[in-house]
Amino acid sequence: MWVILSLLALLIIGAGSVFLYVWNGLKPTAAGEPVRIEIAKGDSAFEVSDNLEEHGIIKNSFLFKYYLKAQNEGSHFQAGIYDLSPGMDNDAIIAKLNSGDTVAEEMIRFTIPEGYTLLQIADKLAEEKLIDKAKFLTLADSAPGWEEAEAVKSIPADDKLHHRLEGYLFPETYELTKGSTEEDILRRMMAELDTKLDSLPEDWKDVLAESKLNLHQLLTIASLIEREVVVDEERPIVAGVIYNRLADGMPLQIDATVQYLLDKPKERLFEKDLQIESPYNTYKIDGLPPGPIASPSLASIKAALYPEKNEYFYYVTKKDGTQTHLFAKTYKEHLKNIETSNQTAAK
């Protein structure tokens, strides 16, 4: 009898010890400050359990694994970064991981104005401490595949290009995750250009083909318009002037192409500036420069694609502060417009 009672007592004590071990091991940890934990994509429930114990969210990963198995849980945990607090009970932890109640990723935000050059973009992003300028420019001037970007496939293999991605980084306000690399930023901006081109009328590629231009040339014309025009209504008119000059074999003589060559833009160009030898100087070359001189807006791209059909060959900026232009069909009319503009400025 004493042997039997002793065995029963040992069994009861053993069972109680196991119960206490399990009960204590599944109890919440002591309450504390939230801990940030990352659940990687593809992590198993067992790996998640070990992660939780390591960060003090649960007491015993061994027991938690079997708790998950008993509850038929763990297969729907969502990857991401979580704020979990010591002291949470098991069911609360499971519910949070199942729902994917992750911490919102820290973001960076920046705005690239319309008409910025690649160098201006690099300067702005560097000032905001978002990039290493030298690395950014090196990537922009190199020729990686950028396989997922569509528009950049039209960039010709031309050593005359000042910057390879000039004109292909769309001017927009962007939000990217904190820690985005120079390559991430470039890819995002190129992708935005693709998105904007996709928003054009369905026939835009047919219209482009009819104009006997390729996309690179279209963006080049759009960039000229962008740097020359402020008022949206005038963009198609100036586009018409550019096409008229190209068709007539006249030099474009666009000041913005000369400004592009200078280290710092000038308020006023002098005759010596117009004599700079460069494939971008439209006072010295016939036709278009090798590529865009800035990042054009969608309005300028549309104007280049759908120019106004007119008979103008000249335009001059009004000096009355309106930032609009006077247009002329002949050089004689143009000279008169220049005089009118100067008289307006004098008033």
# chains A, B, ... in the order shown; residues from 1 in each chain; ligands from 1

call {"tool": "residues_around", "arguments": {"residues": "range 241-252 of chain A", "least_positions_apart": "2", "cutoff": "12 Å", "atoms": "only C-alpha atoms", "output": "PyMOL selection string"}}
result
chain A and resi 211-213+217-218+220-225+228+234-239+254-258+280-289+303-316+326-330

call {"tool": "residues_around", "arguments": {"residues": "Met107 in chain A", "least_positions_apart": "6", "cutoff": "9 Å", "atoms": "only C-alpha atoms", "output": "short mmCIF file (atom, residue, chain, number, x, y, z; two decimals) with N, CA, C and O atoms, in the first residue's frame"}}
result
data_model
loop_
_atom_site.label_atom_id
_atom_site.label_comp_id
_atom_site.auth_asym_id
_atom_site.auth_seq_id
_atom_site.Cartn_x
_atom_site.Cartn_y
_atom_site.Cartn_z
N GLU A 175 7.42 60.10 -52.63
CA GLU A 175 7.57 59.51 -51.31
C GLU A 175 8.19 58.12 -51.49
O GLU A 175 7.66 57.29 -52.22
N LEU A 176 9.31 57.89 -50.83
CA LEU A 176 9.97 56.59 -50.86
C LEU A 176 10.32 56.20 -49.43
O LEU A 176 10.36 57.04 -48.54
N THR A 177 10.57 54.94 -49.23
CA THR A 177 10.93 54.48 -47.89
C THR A 177 12.29 55.04 -47.50
O THR A 177 13.17 55.22 -48.34
N LYS A 178 12.40 55.35 -46.22
CA LYS A 178 13.67 55.86 -45.70
C LYS A 178 14.77 54.84 -45.96
O LYS A 178 14.57 53.64 -45.79
N GLY A 179 15.91 55.35 -46.36
CA GLY A 179 17.02 54.46 -46.68
C GLY A 179 17.08 54.08 -48.15
O GLY A 179 17.94 53.29 -48.55
#

call {"tool": "closest_residue", "arguments": {"among": "A:Glu38, A:Glu114, A:Asp203, A:Asp198", "to": "Gly100 in chain A", "atoms": "only C-alpha atoms"}}
result
A:Glu38

call {"tool": "select_by_dssp", "arguments": {"residues": "range 43-242 of chain A", "states": "alpha helix (DSSP H)", "output": "VMD selection string"}}
result
chain A and resid 45 to 54 61 to 70 90 to 99 118 to 127 133 to 141 182 to 198 204 to 210 215 to 228 235 to 242

call {"tool": "atom_distance", "arguments": {"atom1": "CA of Ser49 in chain A", "atom2": "CA of Ser61 in chain A"}}
result
5.0 Å

call {"tool": "closest_residue", "arguments": {"among": "A:Ala92, A:Leu118, A:Leu261, A:Ile301", "to": "Leu197 in chain A", "atoms": "only C-alpha atoms"}}
result
A:Ile301

call {"tool": "select_by_dssp", "arguments": {"residues": "range 106-193 of chain A", "states": "strand (DSSP E)", "output": "number ranges by chain"}}
result
A: 107-111, 173-177

call {"tool": "write_last_selection", "arguments": {"atoms": "all heavy atoms", "output": "mmCIF file, in the first residue's frame"}}
result
data_model
loop_
_atom_site.group_PDB
_atom_site.id
_atom_site.type_symbol
_atom_site.label_atom_id
_atom_site.label_comp_id
_atom_site.auth_asym_id
_atom_site.auth_seq_id
_atom_site.Cartn_x
_atom_site.Cartn_y
_atom_site.Cartn_z
ATOM 1 N N MET A 107 9.248 57.320 -44.119
ATOM 2 C CA MET A 107 9.313 57.717 -45.513
ATOM 3 C C MET A 107 10.174 58.958 -45.692
ATOM 4 O O MET A 107 10.375 59.743 -44.754
ATOM 5 C CB MET A 107 7.904 58.003 -46.041
ATOM 6 C CG MET A 107 6.902 56.879 -45.852
ATOM 7 S SD MET A 107 7.316 55.377 -46.779
ATOM 8 C CE MET A 107 6.911 55.917 -48.459
ATOM 9 N N ILE A 108 10.699 59.121 -46.883
ATOM 10 C CA ILE A 108 11.322 60.378 -47.281
ATOM 11 C C ILE A 108 10.419 61.008 -48.342
ATOM 12 O O ILE A 108 9.734 60.308 -49.084
ATOM 13 C CB ILE A 108 12.742 60.168 -47.836
ATOM 14 C CG1 ILE A 108 12.726 59.212 -49.047
ATOM 15 C CG2 ILE A 108 13.675 59.667 -46.752
ATOM 16 C CD1 ILE A 108 14.045 59.132 -49.789
ATOM 17 N N ARG A 109 10.428 62.311 -48.398
ATOM 18 C CA ARG A 109 9.566 63.030 -49.342
ATOM 19 C C ARG A 109 10.385 64.151 -49.975
ATOM 20 O O ARG A 109 11.091 64.871 -49.273
ATOM 21 C CB ARG A 109 8.344 63.599 -48.613
ATOM 22 C CG ARG A 109 7.341 64.334 -49.502
ATOM 23 C CD ARG A 109 6.233 64.911 -48.623
ATOM 24 N NE ARG A 109 5.284 65.716 -49.370
ATOM 25 C CZ ARG A 109 4.179 65.260 -49.927
ATOM 26 N NH1 ARG A 109 3.857 63.986 -49.791
ATOM 27 N NH2 ARG A 109 3.368 66.052 -50.593
ATOM 28 N N PHE A 110 10.305 64.273 -51.287
ATOM 29 C CA PHE A 110 11.006 65.360 -51.962
ATOM 30 C C PHE A 110 10.232 65.762 -53.215
ATOM 31 O O PHE A 110 9.455 64.973 -53.766
ATOM 32 C CB PHE A 110 12.445 64.964 -52.324
ATOM 33 C CG PHE A 110 12.558 63.773 -53.243
ATOM 34 C CD1 PHE A 110 12.551 63.927 -54.622
ATOM 35 C CD2 PHE A 110 12.679 62.484 -52.723
ATOM 36 C CE1 PHE A 110 12.657 62.827 -55.464
ATOM 37 C CE2 PHE A 110 12.803 61.382 -53.557
ATOM 38 C CZ PHE A 110 12.794 61.558 -54.930
ATOM 39 N N THR A 111 10.447 66.995 -53.625
ATOM 40 C CA THR A 111 9.761 67.540 -54.802
ATOM 41 C C THR A 111 10.793 68.019 -55.813
ATOM 42 O O THR A 111 11.711 68.771 -55.473
ATOM 43 C CB THR A 111 8.850 68.717 -54.412
ATOM 44 O OG1 THR A 111 7.846 68.256 -53.501
ATOM 45 C CG2 THR A 111 8.184 69.317 -55.642
ATOM 46 N N THR A 173 6.378 65.256 -56.984
ATOM 47 C CA THR A 173 6.605 65.049 -55.555
ATOM 48 C C THR A 173 6.616 63.544 -55.293
ATOM 49 O O THR A 173 5.698 62.838 -55.704
ATOM 50 C CB THR A 173 5.518 65.728 -54.707
ATOM 51 O OG1 THR A 173 5.606 67.152 -54.903
ATOM 52 C CG2 THR A 173 5.711 65.428 -53.228
ATOM 53 N N TYR A 174 7.658 63.086 -54.630
ATOM 54 C CA TYR A 174 7.850 61.652 -54.425
ATOM 55 C C TYR A 174 7.888 61.299 -52.941
ATOM 56 O O TYR A 174 8.335 62.096 -52.112
ATOM 57 C CB TYR A 174 9.170 61.199 -55.058
ATOM 58 C CG TYR A 174 9.184 61.267 -56.558
ATOM 59 C CD1 TYR A 174 9.629 62.413 -57.215
ATOM 60 C CD2 TYR A 174 8.753 60.197 -57.329
ATOM 61 C CE1 TYR A 174 9.648 62.483 -58.603
ATOM 62 C CE2 TYR A 174 8.770 60.254 -58.715
ATOM 63 C CZ TYR A 174 9.218 61.394 -59.347
ATOM 64 O OH TYR A 174 9.229 61.454 -60.722
ATOM 65 N N GLU A 175 7.421 60.099 -52.634
ATOM 66 C CA GLU A 175 7.570 59.506 -51.311
ATOM 67 C C GLU A 175 8.185 58.124 -51.486
ATOM 68 O O GLU A 175 7.655 57.290 -52.219
ATOM 69 C CB GLU A 175 6.221 59.386 -50.600
ATOM 70 C CG GLU A 175 5.768 60.671 -49.940
ATOM 71 C CD GLU A 175 4.615 60.447 -48.981
ATOM 72 O OE1 GLU A 175 4.072 59.326 -48.940
ATOM 73 O OE2 GLU A 175 4.257 61.404 -48.273
ATOM 74 N N LEU A 176 9.307 57.894 -50.828
ATOM 75 C CA LEU A 176 9.968 56.591 -50.859
ATOM 76 C C LEU A 176 10.321 56.196 -49.430
ATOM 77 O O LEU A 176 10.360 57.036 -48.536
ATOM 78 C CB LEU A 176 11.251 56.642 -51.694
ATOM 79 C CG LEU A 176 11.109 56.711 -53.219
ATOM 80 C CD1 LEU A 176 10.954 58.137 -53.679
ATOM 81 C CD2 LEU A 176 12.334 56.113 -53.893
ATOM 82 N N THR A 177 10.565 54.939 -49.226
ATOM 83 C CA THR A 177 10.928 54.480 -47.890
ATOM 84 C C THR A 177 12.294 55.042 -47.499
ATOM 85 O O THR A 177 13.173 55.219 -48.336
ATOM 86 C CB THR A 177 10.981 52.941 -47.821
ATOM 87 O OG1 THR A 177 11.890 52.460 -48.827
ATOM 88 C CG2 THR A 177 9.602 52.339 -48.058
#

call {"tool": "residues_around", "arguments": {"residues": "Gln259 in chain A", "least_positions_apart": "3", "cutoff": "10 Å", "atoms": "only C-alpha atoms", "output": "ChimeraX atom specification"}}
result
/A:227,254-256,262-269,273-274,280-281,293

call {"tool": "closest_residue", "arguments": {"among": "A:Ala79, A:Ala30, A:Ala299, A:Ala104", "to": "Glu233 in chain A", "atoms": "only C-alpha atoms"}}
result
A:Ala299

call {"tool": "decode", "arguments": {"residues": "range 89-230 of chain A", "atoms": "C-alpha atoms", "output": "mmCIF file, in the first residue's frame"}}
result
data_model
loop_
_atom_site.group_PDB
_atom_site.id
_atom_site.type_symbol
_atom_site.label_atom_id
_atom_site.label_comp_id
_atom_site.auth_asym_id
_atom_site.auth_seq_id
_atom_site.Cartn_x
_atom_site.Cartn_y
_atom_site.Cartn_z
ATOM 1 C CA ASP A 89 -0.881 37.585 -23.764
ATOM 2 C CA ASN A 90 -0.346 34.898 -26.369
ATOM 3 C CA ASP A 91 -3.658 35.376 -28.136
ATOM 4 C CA ALA A 92 -3.037 39.119 -28.493
ATOM 5 C CA ILE A 93 0.390 38.449 -30.021
ATOM 6 C CA ILE A 94 -1.062 35.896 -32.433
ATOM 7 C CA ALA A 95 -3.899 38.233 -33.448
ATOM 8 C CA LYS A 96 -1.469 41.085 -34.191
ATOM 9 C CA LEU A 97 0.833 38.916 -36.291
ATOM 10 C CA ASN A 98 -2.140 37.433 -38.184
ATOM 11 C CA SER A 99 -3.613 40.849 -38.973
ATOM 12 C CA GLY A 100 -0.335 42.307 -40.227
ATOM 13 C CA ASP A 101 -0.671 45.271 -37.865
ATOM 14 C CA THR A 102 2.818 46.458 -38.749
ATOM 15 C CA VAL A 103 4.602 49.714 -38.037
ATOM 16 C CA ALA A 104 4.271 52.250 -40.834
ATOM 17 C CA GLU A 105 7.582 52.516 -42.663
ATOM 18 C CA GLU A 106 9.472 55.784 -42.275
ATOM 19 C CA MET A 107 9.313 57.717 -45.513
ATOM 20 C CA ILE A 108 11.322 60.378 -47.281
ATOM 21 C CA ARG A 109 9.566 63.030 -49.342
ATOM 22 C CA PHE A 110 11.006 65.360 -51.962
ATOM 23 C CA THR A 111 9.761 67.540 -54.802
ATOM 24 C CA ILE A 112 11.501 68.023 -58.144
ATOM 25 C CA PRO A 113 10.259 71.196 -59.886
ATOM 26 C CA GLU A 114 9.395 71.143 -63.559
ATOM 27 C CA GLY A 115 12.253 72.141 -65.818
ATOM 28 C CA TYR A 116 15.037 71.096 -63.454
ATOM 29 C CA THR A 117 18.198 69.771 -65.049
ATOM 30 C CA LEU A 118 19.773 66.541 -63.873
ATOM 31 C CA LEU A 119 22.461 68.563 -62.102
ATOM 32 C CA GLN A 120 19.835 70.678 -60.316
ATOM 33 C CA ILE A 121 18.028 67.498 -59.259
ATOM 34 C CA ALA A 122 21.266 66.061 -57.873
ATOM 35 C CA ASP A 123 22.058 69.292 -56.029
ATOM 36 C CA LYS A 124 18.603 69.449 -54.461
ATOM 37 C CA LEU A 125 18.606 65.828 -53.310
ATOM 38 C CA ALA A 126 22.140 66.189 -51.943
ATOM 39 C CA GLU A 127 21.175 69.345 -50.023
ATOM 40 C CA GLU A 128 18.307 67.393 -48.474
ATOM 41 C CA LYS A 129 20.836 64.676 -47.538
ATOM 42 C CA LEU A 130 18.989 62.021 -49.537
ATOM 43 C CA ILE A 131 21.801 61.040 -51.896
ATOM 44 C CA ASP A 132 25.506 61.069 -52.475
ATOM 45 C CA LYS A 133 25.695 63.500 -55.392
ATOM 46 C CA ALA A 134 28.715 61.918 -57.071
ATOM 47 C CA LYS A 135 27.204 58.437 -56.908
ATOM 48 C CA PHE A 136 23.849 59.726 -58.196
ATOM 49 C CA LEU A 137 25.447 61.433 -61.203
ATOM 50 C CA THR A 138 27.655 58.437 -61.955
ATOM 51 C CA LEU A 139 24.609 56.172 -62.056
ATOM 52 C CA ALA A 140 22.662 58.669 -64.173
ATOM 53 C CA ASP A 141 25.490 58.921 -66.682
ATOM 54 C CA SER A 142 26.218 55.199 -66.881
ATOM 55 C CA ALA A 143 24.255 52.770 -68.981
ATOM 56 C CA PRO A 144 22.839 50.035 -66.738
ATOM 57 C CA GLY A 145 19.953 48.031 -68.100
ATOM 58 C CA TRP A 146 17.160 49.675 -66.096
ATOM 59 C CA GLU A 147 15.146 46.765 -67.525
ATOM 60 C CA GLU A 148 11.863 47.729 -65.900
ATOM 61 C CA ALA A 149 11.949 51.293 -67.268
ATOM 62 C CA GLU A 150 10.426 51.667 -70.716
ATOM 63 C CA ALA A 151 11.084 55.252 -71.854
ATOM 64 C CA VAL A 152 14.855 55.089 -71.259
ATOM 65 C CA LYS A 153 15.118 52.403 -73.918
ATOM 66 C CA SER A 154 14.813 55.227 -76.465
ATOM 67 C CA ILE A 155 18.056 56.889 -75.293
ATOM 68 C CA PRO A 156 20.571 56.585 -78.129
ATOM 69 C CA ALA A 157 24.137 55.408 -77.650
ATOM 70 C CA ASP A 158 25.519 58.897 -78.275
ATOM 71 C CA ASP A 159 28.677 60.183 -76.604
ATOM 72 C CA LYS A 160 27.486 63.739 -77.278
ATOM 73 C CA LEU A 161 24.843 63.425 -74.567
ATOM 74 C CA HIS A 162 25.716 65.727 -71.681
ATOM 75 C CA HIS A 163 23.912 63.522 -69.146
ATOM 76 C CA ARG A 164 22.420 60.217 -70.239
ATOM 77 C CA LEU A 165 19.248 60.412 -68.108
ATOM 78 C CA GLU A 166 18.675 64.114 -68.687
ATOM 79 C CA GLY A 167 14.956 64.604 -69.335
ATOM 80 C CA TYR A 168 14.004 61.092 -68.194
ATOM 81 C CA LEU A 169 13.533 61.867 -64.483
ATOM 82 C CA PHE A 170 9.980 63.140 -64.215
ATOM 83 C CA PRO A 171 9.436 66.293 -62.124
ATOM 84 C CA GLU A 172 7.035 65.359 -59.331
ATOM 85 C CA THR A 173 6.605 65.049 -55.555
ATOM 86 C CA TYR A 174 7.850 61.652 -54.425
ATOM 87 C CA GLU A 175 7.570 59.506 -51.311
ATOM 88 C CA LEU A 176 9.968 56.591 -50.859
ATOM 89 C CA THR A 177 10.928 54.480 -47.890
ATOM 90 C CA LYS A 178 13.667 55.860 -45.697
ATOM 91 C CA GLY A 179 17.016 54.455 -46.681
ATOM 92 C CA SER A 180 16.216 54.377 -50.400
ATOM 93 C CA THR A 181 19.422 54.318 -52.417
ATOM 94 C CA GLU A 182 20.466 56.538 -55.302
ATOM 95 C CA GLU A 183 19.476 53.718 -57.641
ATOM 96 C CA ASP A 184 16.063 53.380 -55.962
ATOM 97 C CA ILE A 185 15.390 57.091 -56.466
ATOM 98 C CA LEU A 186 16.470 57.034 -60.101
ATOM 99 C CA ARG A 187 14.314 53.982 -60.815
ATOM 100 C CA ARG A 188 11.285 55.588 -59.158
ATOM 101 C CA MET A 189 11.633 58.788 -61.167
ATOM 102 C CA MET A 190 12.075 56.907 -64.444
ATOM 103 C CA ALA A 191 9.028 54.796 -63.622
ATOM 104 C CA GLU A 192 7.017 57.977 -63.075
ATOM 105 C CA LEU A 193 7.849 59.137 -66.589
ATOM 106 C CA ASP A 194 6.530 55.814 -67.923
ATOM 107 C CA THR A 195 3.344 56.320 -65.898
ATOM 108 C CA LYS A 196 2.850 59.837 -67.239
ATOM 109 C CA LEU A 197 3.406 58.717 -70.829
ATOM 110 C CA ASP A 198 0.811 55.984 -70.300
ATOM 111 C CA SER A 199 -1.670 58.713 -69.304
ATOM 112 C CA LEU A 200 -1.430 60.364 -72.741
ATOM 113 C CA PRO A 201 -4.234 59.810 -75.285
ATOM 114 C CA GLU A 202 -4.279 56.274 -76.681
ATOM 115 C CA ASP A 203 -3.145 57.428 -80.118
ATOM 116 C CA TRP A 204 -0.025 59.240 -78.902
ATOM 117 C CA LYS A 205 2.410 56.683 -80.313
ATOM 118 C CA ASP A 206 0.681 56.857 -83.702
ATOM 119 C CA VAL A 207 0.880 60.662 -83.595
ATOM 120 C CA LEU A 208 4.575 60.421 -82.709
ATOM 121 C CA ALA A 209 5.206 58.029 -85.601
ATOM 122 C CA GLU A 210 3.395 60.381 -88.011
ATOM 123 C CA SER A 211 5.638 63.243 -86.903
ATOM 124 C CA LYS A 212 8.649 61.092 -87.887
ATOM 125 C CA LEU A 213 10.193 61.662 -84.469
ATOM 126 C CA ASN A 214 11.216 59.158 -81.840
ATOM 127 C CA LEU A 215 10.510 59.457 -78.127
ATOM 128 C CA HIS A 216 13.991 60.808 -77.386
ATOM 129 C CA GLN A 217 13.475 63.631 -79.875
ATOM 130 C CA LEU A 218 9.994 64.313 -78.495
ATOM 131 C CA LEU A 219 11.362 64.669 -74.960
ATOM 132 C CA THR A 220 14.122 66.904 -76.304
ATOM 133 C CA ILE A 221 11.562 69.258 -77.865
ATOM 134 C CA ALA A 222 9.438 69.101 -74.712
ATOM 135 C CA SER A 223 12.452 70.120 -72.623
ATOM 136 C CA LEU A 224 13.077 73.119 -74.887
ATOM 137 C CA ILE A 225 9.471 74.183 -74.432
ATOM 138 C CA GLU A 226 9.725 73.664 -70.678
ATOM 139 C CA ARG A 227 12.735 75.944 -70.338
ATOM 140 C CA GLU A 228 11.362 78.604 -72.656
ATOM 141 C CA VAL A 229 7.703 78.864 -71.612
ATOM 142 C CA VAL A 230 6.005 79.634 -68.306
#
